[in-house]
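**Q** Following this message is one structure expressed as structure tokens.
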Amino acid sequence: MAARLEVQGLSKRFPGVIALEDVSISVERGEIRALLGENGAGKSTLGKIVAGIHAPSSGTVLIDGEEVRLQDERAAGALGIGIVHQEGSLVPQLSVAENIFAGRQPVGRFGQVLVDQMRAEAARLIGQLGVAIDPARRVAELSAAQAQIVEIAKALSHDLKLLILDEPTAALTLNETDRLFDVVRKLAQSGVSIIYVSHRLAEIFALCDRVSVLKDGRLAGTRDVAATSTDELIRLMVGRDVHLHRQADGRVPGRVVLEARQVAAGVMVRDASVTVRAGEIVCIAGLIGSGRSEFCETIFGARKRSGGTIAIDGNAYRPGGTWDAKAAGVGMVPEDRKTSGLFLGMDIVNNIAATVLDKVSDGAKFSQAKAEALAQNFVVEMRISTPSVRQVVGNLSGGNQQKVLLAKWLAMEPKLLIVDEPTRGVDVGARAEIYRLLRALAAKGVALLVVSSDLPEVLALADRIIVMAEGRTVGTLNGGEATEESVLRLATKFTASVAASRATVGADA
Ligand SMILES: Nc1ncnc2c1ncn2[C@@H]1O[C@H](COP(=O)(O)OP(=O)(O)OP(=O)(O)O)[C@@H](O)[C@H]1O
Ligand SMILES: [Mg+2]
């Protein structure tokens, strides 16, 4: 029997970039195949070609032994190929149900859209994932996790032969991830083939049969998951050893920079306190929904405070908005790079220069040369993979966008830098670099407040760990002594085994 999916000699060139070079892969019926590789390795590009979104520069795609040439995503859907995009693809103004059935709503005898039927089917698809979302709601009103669930439900709405999941769990909680895995396993048992893209190696070991590694657009190898190891996969991906574990770098925290006492804001932040010193890295751990991000947004002036006190360098601090925060030397790298951080239509230079106009000016005049030099430094230091500093940020791979976002705020040289999920969607090599950068910033005397859902990351970075639950800070742990279990015990009723199954690479690296 022919393989479900066979790509032969696939190449894809974008201006100045070879995204894929002569890649041949074949995926069997019912197989769950992981696709792994550093940021920019070509994973999403491969998925998009198979799903009809990009045409290959050369090479062929066969489904069940037949060559296909797809015009667009809808044509792929009609053939039974579904894709869940890494960067959301929903239309915010439309309802959940309209998004799921975009362009193919069920119609009645007189051509009228059968709204009730469509909503009922949408609710069923979403229900499979163990979540309830009103199909009539507009996508704009959904949280990132809910939008991700709708994306997945949309892909499941086709009569599937092949499902491509491009980092589907980045915004999901533990429970939702478990339900997704159940659905994926059931689909595979019924003969659907799955391509699963993730930077979370533990997920690949938990879910996949085989794993193909891309490096710089080429296939570096394919392995049986049962017969490989984290170390081997990292070597195939990065070509060198990577260290993500804690490093004693002899920093001694100095003066108190941030002192937040019993802060309250809206319903999400009820009673939260934290102190961060110059040269110190404090991580806030807790479940999604514990109020971590909202607490940070309040410190950054993006949310109105209703109680408590905050001081920066001993001075009372009441930001009326984020401009006041920036003026006081407080920066924040937000969680969601797509809506609240980057100008995707602008190039790297302008994204970075936007926060530091004073540094890239000659007198009152904007200096292109200074802005380019600044951007070039970050591109080299952070190993941002791009043909030039003039590349439009929207064309960079997801992880490289994350690095530009971080660079933008590092350029500001803040006293206090708040970083919400610093390595979401970032590959292992870049992750190690981001850890190094954050430590280097702390060594320069910056106070760092980091929110992370990734426990190995918290353990690797934090001098102190503050745990939040239900809008309250419920405990403090010494970074050097904490374990995943001790953090979780404070944060949740979840068992350690659930956490371990979600832990990303680095737990024992
Ligand atoms: N539309 C585009 N125009 C120009 N270059 C592009 C475009 N799409 C992707 N690229 C480039 O192609 C290369 C591969 O990108 P791709 O998105 O496939 O990487 P990826 O493996 O999915 O990375 P990540 O882990 O960061 O998501 C990158 O160098 C990227 O900048
Ligand atoms: Mg990608």
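Residue numbering restarts at 1 in every chain; chains get A, B, ... in the order shown in the structure tokens, and ligands count up from 1 in that same order.
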Can I get the residues close to ligand 2 as a short mmCIF file (atom, residue, chain, number, x, y, z; two decimals) with N, CA and C atoms, in the first residue's frame, where close means within 6 Å and we count only C-alpha atoms and all ligand atoms?
**A**
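The new file result05.cif reads:
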```cif
data_model
loop_
_atom_site.label_atom_id
_atom_site.label_comp_id
_atom_site.auth_asym_id
_atom_site.auth_seq_id
_atom_site.Cartn_x
_atom_site.Cartn_y
_atom_site.Cartn_z
N LYS A 43 10.08 23.80 9.24
CA LYS A 43 8.96 22.94 9.64
C LYS A 43 7.61 23.49 9.17
N SER A 44 7.35 24.76 9.47
CA SER A 44 6.06 25.33 9.08
C SER A 44 5.95 25.39 7.56
N SER A 397 10.61 33.19 11.04
CA SER A 397 9.96 32.05 11.70
C SER A 397 9.52 32.48 13.10
N GLY A 398 8.59 31.71 13.67
CA GLY A 398 8.00 32.09 14.95
C GLY A 398 9.03 32.36 16.04
#
```
**Q** Quick one: residues within 6 Å of ligand 1, with only C-alpha atoms and all ligand atoms, as a CSV table (one decimal) with C-alpha atoms, in the first residue's frame?
**A**
```
chain,number,residue,atom,x,y,z
A,14,PHE,CA,11.8,32.7,-0.6
A,17,VAL,CA,16.1,32.4,1.9
A,19,ALA,CA,13.5,27.4,3.5
A,37,GLY,CA,14.1,21.5,14.2
A,38,GLU,CA,15.5,24.8,15.2
A,39,ASN,CA,13.6,28.1,14.6
A,40,GLY,CA,13.7,28.7,10.9
A,41,ALA,CA,14.6,25.1,10.0
A,42,GLY,CA,11.6,24.9,7.6
A,43,LYS,CA,9.0,22.9,9.6
A,44,SER,CA,6.1,25.3,9.1
A,45,THR,CA,7.0,25.7,5.4
A,386,THR,CA,17.4,36.2,8.8
A,395,ASN,CA,8.5,36.8,7.3
A,396,LEU,CA,10.7,35.4,10.1
A,397,SER,CA,10.0,32.1,11.7
A,398,GLY,CA,8.0,32.1,15.0
A,399,GLY,CA,11.0,31.6,17.2
A,400,ASN,CA,13.0,34.3,15.5
```
**Q** Run DSSP on the backbone and give me the residues of range 341-402 of chain A it puts in alpha helix (DSSP H), as an MDAnalysis selection string.
**A** chainID A and resid 348:353 368:381 398:402
**Q** Applying 10 Å and only C-alpha atoms, which residues near range 426-436 of chain A remain after dropping the ones on its own chain fewer than 2 positions away? List them as a ChimeraX atom specification.
**A** /A:36-40,198-201,234,237-247,381-384,397-403,406,422-424,438-442,457,460-461,504-506
**Q** Next, dump the selected residues to file, keeping only C-alpha atoms, as a PDB file, in the first residue's frame.
**A**
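The resulting file, result-v8.pdb, is shown below:
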```pdb
ATOM      1  CA  LEU A  36      11.521  18.823  14.861  1.00  0.00           C
ATOM      2  CA  GLY A  37      14.114  21.485  14.176  1.00  0.00           C
ATOM      3  CA  GLU A  38      15.485  24.831  15.235  1.00  0.00           C
ATOM      4  CA  ASN A  39      13.639  28.062  14.588  1.00  0.00           C
ATOM      5  CA  GLY A  40      13.697  28.685  10.869  1.00  0.00           C
ATOM      6  CA  SER A 198       6.645  20.963  18.579  1.00  0.00           C
ATOM      7  CA  HIS A 199       9.658  22.302  20.409  1.00  0.00           C
ATOM      8  CA  ARG A 200       8.617  20.375  23.498  1.00  0.00           C
ATOM      9  CA  LEU A 201      10.611  17.178  23.300  1.00  0.00           C
ATOM     10  CA  ILE A 234      19.255  17.878  20.150  1.00  0.00           C
ATOM     11  CA  MET A 237      18.755  19.642  15.489  1.00  0.00           C
ATOM     12  CA  VAL A 238      21.488  21.915  16.688  1.00  0.00           C
ATOM     13  CA  GLY A 239      24.664  20.107  15.724  1.00  0.00           C
ATOM     14  CA  ARG A 240      26.237  20.807  19.115  1.00  0.00           C
ATOM     15  CA  ASP A 241      25.563  20.189  22.795  1.00  0.00           C
ATOM     16  CA  VAL A 242      23.217  22.603  24.527  1.00  0.00           C
ATOM     17  CA  HIS A 243      23.124  23.400  28.209  1.00  0.00           C
ATOM     18  CA  LEU A 244      19.850  24.538  29.684  1.00  0.00           C
ATOM     19  CA  HIS A 245      20.512  23.805  33.320  1.00  0.00           C
ATOM     20  CA  ARG A 246      21.165  26.221  36.153  1.00  0.00           C
ATOM     21  CA  GLN A 247      24.417  28.078  36.213  1.00  0.00           C
ATOM     22  CA  GLU A 381      24.278  38.266  19.637  1.00  0.00           C
ATOM     23  CA  MET A 382      20.950  36.439  19.642  1.00  0.00           C
ATOM     24  CA  ARG A 383      21.651  34.482  16.448  1.00  0.00           C
ATOM     25  CA  ILE A 384      18.460  35.671  14.812  1.00  0.00           C
ATOM     26  CA  SER A 397       9.957  32.052  11.698  1.00  0.00           C
ATOM     27  CA  GLY A 398       7.995  32.089  14.953  1.00  0.00           C
ATOM     28  CA  GLY A 399      10.976  31.641  17.238  1.00  0.00           C
ATOM     29  CA  ASN A 400      12.986  34.311  15.483  1.00  0.00           C
ATOM     30  CA  GLN A 401      10.081  36.719  15.921  1.00  0.00           C
ATOM     31  CA  GLN A 402      10.284  36.002  19.636  1.00  0.00           C
ATOM     32  CA  LYS A 403      13.971  36.917  19.638  1.00  0.00           C
ATOM     33  CA  LEU A 406      13.066  40.380  23.260  1.00  0.00           C
ATOM     34  CA  PRO A 422      10.361  34.335  27.282  1.00  0.00           C
ATOM     35  CA  THR A 423      10.830  31.152  25.266  1.00  0.00           C
ATOM     36  CA  ARG A 424       7.386  30.243  23.977  1.00  0.00           C
ATOM     37  CA  LEU A 438      18.751  37.163  30.670  1.00  0.00           C
ATOM     38  CA  ARG A 439      21.577  36.193  33.035  1.00  0.00           C
ATOM     39  CA  ALA A 440      23.885  38.675  31.346  1.00  0.00           C
ATOM     40  CA  LEU A 441      21.285  41.403  31.810  1.00  0.00           C
ATOM     41  CA  ALA A 442      20.982  40.551  35.484  1.00  0.00           C
ATOM     42  CA  GLU A 457      12.810  26.985  32.756  1.00  0.00           C
ATOM     43  CA  ALA A 460      17.041  26.974  35.473  1.00  0.00           C
ATOM     44  CA  LEU A 461      16.632  30.737  35.700  1.00  0.00           C
ATOM     45  CA  THR A 504      10.008  20.465  28.243  1.00  0.00           C
ATOM     46  CA  VAL A 505      13.545  19.488  27.525  1.00  0.00           C
ATOM     47  CA  GLY A 506      15.922  20.726  30.133  1.00  0.00           C
TER      48      GLY A 506
END
```
**Q** Excluding range 363-377 of chain A and residues on its chain fewer than 6 positions from it, collect all residues at most 8 Å away from it, counting only C-alpha atoms, and give them as a list of chain:residue names.
**A**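 Counting only the stated atoms, we get A:Ile348, A:Val349, A:Asn350, A:Ile352, A:Ala353, A:Leu357, A:Val389.
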**Q** Can you write just those residues out, N, CA and C atoms, as a PDB file, in the first residue's frame?
**A**
```pdb
ATOM      1  N   ILE A 348      13.249  44.395  10.948  1.00  0.00           N
ATOM      2  CA  ILE A 348      13.874  44.200  12.257  1.00  0.00           C
ATOM      3  C   ILE A 348      14.395  45.527  12.797  1.00  0.00           C
ATOM      4  N   VAL A 349      15.038  46.304  11.929  1.00  0.00           N
ATOM      5  CA  VAL A 349      15.630  47.573  12.361  1.00  0.00           C
ATOM      6  C   VAL A 349      14.564  48.468  12.989  1.00  0.00           C
ATOM      7  N   ASN A 350      13.465  48.645  12.300  1.00  0.00           N
ATOM      8  CA  ASN A 350      12.448  49.566  12.801  1.00  0.00           C
ATOM      9  C   ASN A 350      11.728  49.036  14.031  1.00  0.00           C
ATOM     10  N   ILE A 352      13.136  47.282  16.419  1.00  0.00           N
ATOM     11  CA  ILE A 352      14.016  47.490  17.563  1.00  0.00           C
ATOM     12  C   ILE A 352      14.161  48.976  17.855  1.00  0.00           C
ATOM     13  N   ALA A 353      14.274  49.788  16.799  1.00  0.00           N
ATOM     14  CA  ALA A 353      14.494  51.225  16.991  1.00  0.00           C
ATOM     15  C   ALA A 353      13.289  51.912  17.626  1.00  0.00           C
ATOM     16  N   LEU A 357      14.239  55.471  20.308  1.00  0.00           N
ATOM     17  CA  LEU A 357      14.506  56.489  19.288  1.00  0.00           C
ATOM     18  C   LEU A 357      15.660  57.400  19.688  1.00  0.00           C
ATOM     19  N   VAL A 389      19.027  42.532   8.341  1.00  0.00           N
ATOM     20  CA  VAL A 389      18.285  43.286   9.356  1.00  0.00           C
ATOM     21  C   VAL A 389      17.105  44.016   8.732  1.00  0.00           C
TER      22      VAL A 389
END
```
**Q** Any idea what's packed within 8 Å of His85 in chain A, counting only C-alpha atoms, ignoring anything in its chain fewer than 4 positions away? Could you give it as JSON, numbers by chain?
**A** {"A": [89, 151, 165, 166, 167, 168]}
**Q** Pick out the residues sitting within 12 Å of Asp182 in chain A, and hand them over as a ChimeraX atom specification; count only C-alpha atoms, and ignore anything fewer than 3 positions along from it in its own chain.
**A** /A:128-130,175-179,185-189,206-207
**Q** Hey, can you check how far CA of Phe378 in chain A sits from CA of Gly88 in chain A?
**A**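 Spanning CA of Phe378 in chain A to CA of Gly88 in chain A is a straight-line distance of 26.9 Å.
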**Q** What lies within 12 Å of Leu163 in chain A using only C-alpha atoms, ignoring chain neighbours under 2 positions off, as a ChimeraX atom specification?
**A** /A:4-5,27,29-34,47-48,50-51,76-77,79-85,152-161,165-166,168,183-185,187-188,191-197
**Q** Just write the chosen residues, N, CA and C atoms, as a tab-separated table (two decimals), in the first residue's frame.
**A**
```
chain	number	residue	atom	x	y	z
A	4	ARG	N	0.64	7.20	3.11
A	4	ARG	CA	-0.38	8.24	3.15
A	4	ARG	C	0.15	9.53	2.55
A	5	LEU	N	1.34	9.92	3.03
A	5	LEU	CA	1.96	11.14	2.50
A	5	LEU	C	3.38	10.82	2.07
A	27	VAL	N	5.18	9.29	5.22
A	27	VAL	CA	4.43	9.06	6.46
A	27	VAL	C	3.37	8.01	6.18
A	29	ARG	N	0.01	5.43	6.96
A	29	ARG	CA	-1.34	5.60	7.50
A	29	ARG	C	-1.33	5.38	9.00
A	30	GLY	N	-2.00	6.24	9.73
A	30	GLY	CA	-2.11	6.06	11.17
A	30	GLY	C	-0.83	6.37	11.94
A	31	GLU	N	0.17	6.86	11.24
A	31	GLU	CA	1.42	7.20	11.93
A	31	GLU	C	1.36	8.62	12.52
A	32	ILE	N	1.92	8.78	13.70
A	32	ILE	CA	2.10	10.12	14.26
A	32	ILE	C	3.58	10.47	14.11
A	33	ARG	N	3.87	11.40	13.20
A	33	ARG	CA	5.24	11.75	12.89
A	33	ARG	C	5.56	13.13	13.45
A	34	ALA	N	6.55	13.17	14.29
A	34	ALA	CA	6.99	14.47	14.80
A	34	ALA	C	7.91	15.14	13.79
A	47	GLY	N	4.87	22.07	6.31
A	47	GLY	CA	3.44	21.89	6.60
A	47	GLY	C	2.57	22.70	5.64
A	48	LYS	N	3.00	23.92	5.37
A	48	LYS	CA	2.19	24.79	4.51
A	48	LYS	C	2.18	24.31	3.06
A	50	VAL	N	2.38	21.11	2.14
A	50	VAL	CA	1.50	19.94	2.12
A	50	VAL	C	0.03	20.37	2.23
A	51	ALA	N	-0.22	21.48	2.94
A	51	ALA	CA	-1.60	21.93	3.14
A	51	ALA	C	-2.05	22.93	2.06
A	76	ALA	N	-6.97	21.62	-0.17
A	76	ALA	CA	-6.35	20.60	0.68
A	76	ALA	C	-7.39	20.01	1.63
A	77	GLY	N	-8.23	20.88	2.20
A	77	GLY	CA	-9.28	20.43	3.11
A	77	GLY	C	-10.20	19.43	2.41
A	79	LEU	N	-9.50	17.43	0.19
A	79	LEU	CA	-8.79	16.15	0.02
A	79	LEU	C	-8.56	15.44	1.36
A	80	GLY	N	-8.95	16.07	2.45
A	80	GLY	CA	-8.77	15.44	3.75
A	80	GLY	C	-7.49	15.84	4.46
A	81	ILE	N	-6.92	16.98	4.05
A	81	ILE	CA	-5.70	17.47	4.72
A	81	ILE	C	-6.07	18.68	5.57
A	82	GLY	N	-5.90	18.56	6.87
A	82	GLY	CA	-6.21	19.66	7.78
A	82	GLY	C	-4.93	20.20	8.38
A	83	ILE	N	-4.92	21.49	8.70
A	83	ILE	CA	-3.73	22.08	9.33
A	83	ILE	C	-4.14	23.01	10.47
A	84	VAL	N	-3.43	22.89	11.57
A	84	VAL	CA	-3.58	23.84	12.67
A	84	VAL	C	-2.34	24.72	12.66
A	85	HIS	N	-2.54	26.01	12.41
A	85	HIS	CA	-1.41	26.90	12.20
A	85	HIS	C	-0.74	27.30	13.50
A	152	ILE	N	-8.06	24.06	16.32
A	152	ILE	CA	-7.96	22.60	16.25
A	152	ILE	C	-9.31	22.01	15.80
A	153	ALA	N	-10.40	22.53	16.38
A	153	ALA	CA	-11.73	22.05	16.00
A	153	ALA	C	-11.96	22.26	14.51
A	154	LYS	N	-11.46	23.38	13.99
A	154	LYS	CA	-11.62	23.66	12.56
A	154	LYS	C	-10.93	22.58	11.71
A	155	ALA	N	-9.72	22.23	12.11
A	155	ALA	CA	-9.01	21.18	11.37
A	155	ALA	C	-9.74	19.85	11.48
A	156	LEU	N	-10.34	19.59	12.65
A	156	LEU	CA	-11.02	18.30	12.85
A	156	LEU	C	-12.34	18.24	12.09
A	157	SER	N	-12.82	19.39	11.60
A	157	SER	CA	-14.13	19.41	10.94
A	157	SER	C	-14.08	18.78	9.55
A	158	HIS	N	-12.90	18.54	9.03
A	158	HIS	CA	-12.80	17.86	7.74
A	158	HIS	C	-12.82	16.36	7.95
A	159	ASP	N	-13.15	15.66	6.87
A	159	ASP	CA	-13.05	14.21	6.90
A	159	ASP	C	-11.58	13.91	6.63
A	160	LEU	N	-10.81	13.67	7.71
A	160	LEU	CA	-9.36	13.79	7.61
A	160	LEU	C	-8.65	12.53	7.12
A	161	LYS	N	-7.62	12.76	6.31
A	161	LYS	CA	-6.65	11.70	6.01
A	161	LYS	C	-5.32	12.03	6.69
A	165	LEU	N	-0.31	19.46	12.74
A	165	LEU	CA	-0.46	20.28	13.95
A	165	LEU	C	0.85	21.03	14.16
A	166	ASP	N	0.82	22.35	13.97
A	166	ASP	CA	2.04	23.15	14.07
A	166	ASP	C	2.07	23.85	15.42
A	168	PRO	N	0.67	23.00	18.41
A	168	PRO	CA	-0.71	23.21	18.85
A	168	PRO	C	-0.84	23.47	20.34
A	183	VAL	N	-7.38	12.88	21.48
A	183	VAL	CA	-8.02	13.01	20.17
A	183	VAL	C	-7.06	12.59	19.08
A	184	VAL	N	-5.81	13.03	19.18
A	184	VAL	CA	-4.81	12.70	18.16
A	184	VAL	C	-4.59	11.19	18.11
A	185	ARG	N	-4.49	10.55	19.26
A	185	ARG	CA	-4.27	9.10	19.28
A	185	ARG	C	-5.45	8.37	18.65
A	187	LEU	N	-7.55	9.55	16.39
A	187	LEU	CA	-7.51	9.79	14.94
A	187	LEU	C	-6.51	8.83	14.31
A	188	ALA	N	-5.35	8.71	14.94
A	188	ALA	CA	-4.31	7.84	14.38
A	188	ALA	C	-4.79	6.39	14.33
A	191	GLY	N	-6.69	5.55	11.41
A	191	GLY	CA	-5.98	5.57	10.13
A	191	GLY	C	-5.54	6.94	9.65
A	192	VAL	N	-5.91	7.99	10.39
A	192	VAL	CA	-5.47	9.33	10.01
A	192	VAL	C	-3.98	9.46	10.34
A	193	SER	N	-3.23	10.05	9.43
A	193	SER	CA	-1.80	10.29	9.71
A	193	SER	C	-1.65	11.70	10.28
A	194	ILE	N	-0.68	11.85	11.17
A	194	ILE	CA	-0.51	13.13	11.85
A	194	ILE	C	0.93	13.61	11.67
A	195	ILE	N	1.06	14.88	11.37
A	195	ILE	CA	2.39	15.51	11.44
A	195	ILE	C	2.34	16.47	12.61
A	196	TYR	N	3.24	16.25	13.57
A	196	TYR	CA	3.17	16.99	14.82
A	196	TYR	C	4.44	17.81	15.00
A	197	VAL	N	4.30	19.13	14.96
A	197	VAL	CA	5.45	20.02	15.11
A	197	VAL	C	5.45	20.57	16.54
```
**Q** Considering only C-alpha atoms, tabulate each residue of range 145-216 of chain A that lies at most 10 Å from range 274-289 of chain A along with its nearest interatomic pair and the corresponding distance in Å to one decimal; arrange the rows by chain and ascending residue number and present them as JSON lines.
**A**
```
{"residue": "A:Ala145", "atom": "CA", "partner": "A:Ile288", "partner_atom": "CA", "distance": 9.6}
{"residue": "A:Ala171", "atom": "CA", "partner": "A:Ile288", "partner_atom": "CA", "distance": 9.3}
{"residue": "A:Leu172", "atom": "CA", "partner": "A:Ile288", "partner_atom": "CA", "distance": 8.7}
{"residue": "A:Thr173", "atom": "CA", "partner": "A:Ile288", "partner_atom": "CA", "distance": 6.7}
{"residue": "A:Leu174", "atom": "CA", "partner": "A:Leu287", "partner_atom": "CA", "distance": 9.1}
```
**Q** Which value, in Å to one decimal, gives the distance between CA of Gly475 in chain A and CA of Ile310 in chain A?
**A** 18.9 Å
**Q** In range 101-271 of chain A, what's strand (DSSP E) per DSSP? Answer as a VMD selection string?
**A** chain A and resid 162 to 166 193 to 197 210 to 215 218 to 224 256 to 265 269 to 271
**Q** So which one's closest to Leu258 in chain A, A:Asn315, A:Thr228, A:Ser212, A:Thr222? Using only C-alpha atoms, please.
**A**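 Going through A:Asn315, A:Thr228, A:Ser212, A:Thr222 one by one, the smallest distance to Leu258 in chain A is for A:Asn315.
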**Q** What is the CA of Leu180 in chain A-CA of Glu421 in chain A distance in Å, reported with one decimal?
**A** 21.8 Å
**Q** Return the single residue from A:Pro456, A:Gly331, A:Gly471, A:Gly314 that is closest to Glu485 in chain A, with distances computed using only C-alpha atoms.
**A**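 The closest residue to Glu485 in chain A is A:Pro456.
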